[in-house]
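**Q** Quick one: this structure, given as structure tokens, is what I'll be asking you about.
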Amino acid sequence: MGVDPTMSSQQILKNLSNHIIFRSLHYAFIALQLRDELAKSSAGERSCLEMRPFVLWLTHILVSYSGDILVNLLLGTLPLEPLSNYHDVMLCTVAWYIMFYSPLDVAHAVARTVPFRCLVAPVAALSQVLHIERGVHLASKVYGKNSLVPVLIIGTVIGSGAEFLKPVAALLINRCQMKPAAYIKLSTNSKLAMAISGLYLLQLNRSQLLFGLCGRQLQLYALLGLVSFKFLALFYRVDHLIWRLENRLCYALFGGLYADLTKFFKRQPIPKRVSFTKFD
């Protein structure tokens with residue numbers, strides 16, 4: 001099928017994100033992440049597959065639609081409205097079943113290879129950017145463009161997705177809430193979503209900090225930057241460098257350096273050794 005030359009880049013990207021191949025890869029990648037996380041938290045791969053299929057399916061559905069569900073709650077609309085699309089839910093279910101129960105576990109083996117992750121990286125980046133853009137625009141209509149905090153929160157939530165539904169997923173798979181997946185953590189993905197939401201918020205308010213970038217240009221640059229980051233994180237583990245930089249900033253700005261300096265200046269001086277001269 002050809003592309004209409006009158007269509008803008010935003011329309012092309014939106015149509016691409018709704019394509020069945022794009023959606024299938026997106027849901028398959030979510031199922032892969034869910035299975036890998038369950039395998040780490042449980043006794044192993046076998047115990048993960050021995051869980052109740054309905055619980056696994058419901059967890060996958062919640063994780064896949066988590067951003068839309070949470071944003072609908074924050075905007076005061078029907079939270080389960082995204083699940084009303086029967087064909088999309090069926091596609092999500094098929095991707096989950098193939099990833100978890102394919103014969104000889106072929107789908108999971110293929111999905112863990114580097115070529116598949118390279119194929120999925122731009123798919124995940126495009127989906128995240130479009131979700132953040134939609135969330136920021138919906139929030140600005142409800143709360144207003146000048147409501148910085150609500151718009152930024154909604155953009156971060158819809159861009160993070162499953163990070164904010166992990167406590168619910170932890171309860172569904174019968175894990176203790178004191179484990180790391182039972183409380184909300186701001187991962188690197190959530191921090192990127194917050195940064196992109198901030199850029200869209202600046203663009204809505206026509207800030208001079210963006211040097212006059214329009215929405216179409218900002219979308220393109222955000223997509224290119226996010227795709228580049230995902231490839232760098234895949235091959236060079238750039239996310240670890242960001243984590244180390246964040247630890248250094250927290251140490252310098254949020255009490256770590258001050259506490260160490262206080263301990264250094266309050267410590268007792270080392271007593272000098274006194275030598276006695278023996279006189280005959």
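Chain labels run A, B, ... following the order of the structure tokens; each chain numbers its residues from 1, and ligands are numbered from 1 in the order shown.
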Excluding Asp88 (chain A) and any residue of its chain fewer than 5 positions from it, enumerate the residues within 9 Å of it, using only C-alpha atoms, and give them as a PDB file with all heavy atoms, in the first residue's frame.
**A**
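This is the output file result.pdb:
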ATOM      1  N   ILE A  20      -0.789  -3.655  12.243  1.00  0.00           N
ATOM      2  CA  ILE A  20      -0.870  -4.915  12.984  1.00  0.00           C
ATOM      3  C   ILE A  20       0.519  -5.481  13.288  1.00  0.00           C
ATOM      4  O   ILE A  20       0.744  -6.051  14.371  1.00  0.00           O
ATOM      5  CB  ILE A  20      -1.728  -5.942  12.201  1.00  0.00           C
ATOM      6  CG1 ILE A  20      -1.906  -7.211  13.042  1.00  0.00           C
ATOM      7  CG2 ILE A  20      -1.109  -6.245  10.835  1.00  0.00           C
ATOM      8  CD1 ILE A  20      -2.893  -8.179  12.430  1.00  0.00           C
ATOM      9  N   ARG A  23       1.927  -3.363  16.190  1.00  0.00           N
ATOM     10  CA  ARG A  23       1.274  -3.702  17.452  1.00  0.00           C
ATOM     11  C   ARG A  23       1.704  -5.085  17.940  1.00  0.00           C
ATOM     12  O   ARG A  23       1.891  -5.302  19.140  1.00  0.00           O
ATOM     13  CB  ARG A  23      -0.241  -3.666  17.294  1.00  0.00           C
ATOM     14  CG  ARG A  23      -0.808  -2.367  16.779  1.00  0.00           C
ATOM     15  CD  ARG A  23      -0.586  -1.235  17.747  1.00  0.00           C
ATOM     16  NE  ARG A  23      -1.309  -1.418  18.996  1.00  0.00           N
ATOM     17  CZ  ARG A  23      -1.195  -0.620  20.045  1.00  0.00           C
ATOM     18  NH1 ARG A  23      -0.353   0.407  19.986  1.00  0.00           N
ATOM     19  NH2 ARG A  23      -1.885  -0.826  21.135  1.00  0.00           N
ATOM     20  N   LEU A  83      -9.631  -1.186  26.908  1.00  0.00           N
ATOM     21  CA  LEU A  83      -9.898  -2.611  26.717  1.00  0.00           C
ATOM     22  C   LEU A  83     -11.152  -2.870  25.892  1.00  0.00           C
ATOM     23  O   LEU A  83     -11.488  -4.034  25.652  1.00  0.00           O
ATOM     24  CB  LEU A  83     -10.030  -3.304  28.077  1.00  0.00           C
ATOM     25  CG  LEU A  83      -8.812  -3.204  29.006  1.00  0.00           C
ATOM     26  CD1 LEU A  83      -9.079  -3.918  30.319  1.00  0.00           C
ATOM     27  CD2 LEU A  83      -7.572  -3.770  28.338  1.00  0.00           C
ATOM     28  N   THR A  93      -3.458 -10.735  23.385  1.00  0.00           N
ATOM     29  CA  THR A  93      -3.551 -12.087  23.960  1.00  0.00           C
ATOM     30  C   THR A  93      -2.760 -13.097  23.137  1.00  0.00           C
ATOM     31  O   THR A  93      -2.074 -13.967  23.685  1.00  0.00           O
ATOM     32  CB  THR A  93      -5.027 -12.511  24.051  1.00  0.00           C
ATOM     33  OG1 THR A  93      -5.744 -11.551  24.838  1.00  0.00           O
ATOM     34  CG2 THR A  93      -5.160 -13.880  24.671  1.00  0.00           C
TER      35      THR A  93
END
**Q** Looking only at the backbone, which of the residues in region 8-229 of chain A does DSSP tag as alpha helix (DSSP H), as number ranges by chain?
**A** A: 9-17, 20-41, 45-49, 53-64, 66-75, 86-101, 106-111, 114-143, 148-160, 166-172, 188-204, 215-229
**Q** Got a sec: who's within 10 Å of Ser64 (chain A), counting only C-alpha atoms, leaving out chain neighbours fewer than 2 positions off, as a ChimeraX atom specification?
**A** /A:26-31,34,58-62,66-69,89,92,161-162
**Q** Taking only residues of region 61-100 of chain A that have an atom at most 9 Å from an atom of region 104-119 of chain A, what is each one's shortest atom pair and its distance in Å to one decimal, using only C-alpha atoms, in chain and number order, as a Markdown table?
**A**
| residue | atom | partner | partner_atom | distance |
| --- | --- | --- | --- | --- |
| A:Ile98 | CA | A:Ala107 | CA | 6.4 |
| A:Met99 | CA | A:His108 | CA | 5.5 |
| A:Phe100 | CA | A:His108 | CA | 7.2 |
**Q** Mind writing the picked residues with N, CA, C and O atoms as a short mmCIF file (atom, residue, chain, number, x, y, z; two decimals), in the first residue's frame?
**A**
data_model
loop_
_atom_site.label_atom_id
_atom_site.label_comp_id
_atom_site.auth_asym_id
_atom_site.auth_seq_id
_atom_site.Cartn_x
_atom_site.Cartn_y
_atom_site.Cartn_z
N ILE A 98 1.87 -16.78 22.49
CA ILE A 98 3.01 -17.25 21.71
C ILE A 98 4.31 -17.10 22.49
O ILE A 98 5.18 -17.97 22.47
N MET A 99 4.45 -16.00 23.22
CA MET A 99 5.68 -15.75 23.95
C MET A 99 5.84 -16.69 25.14
O MET A 99 6.95 -17.10 25.49
N PHE A 100 4.73 -17.10 25.75
CA PHE A 100 4.80 -17.94 26.94
C PHE A 100 4.66 -19.43 26.63
O PHE A 100 5.27 -20.26 27.31
#
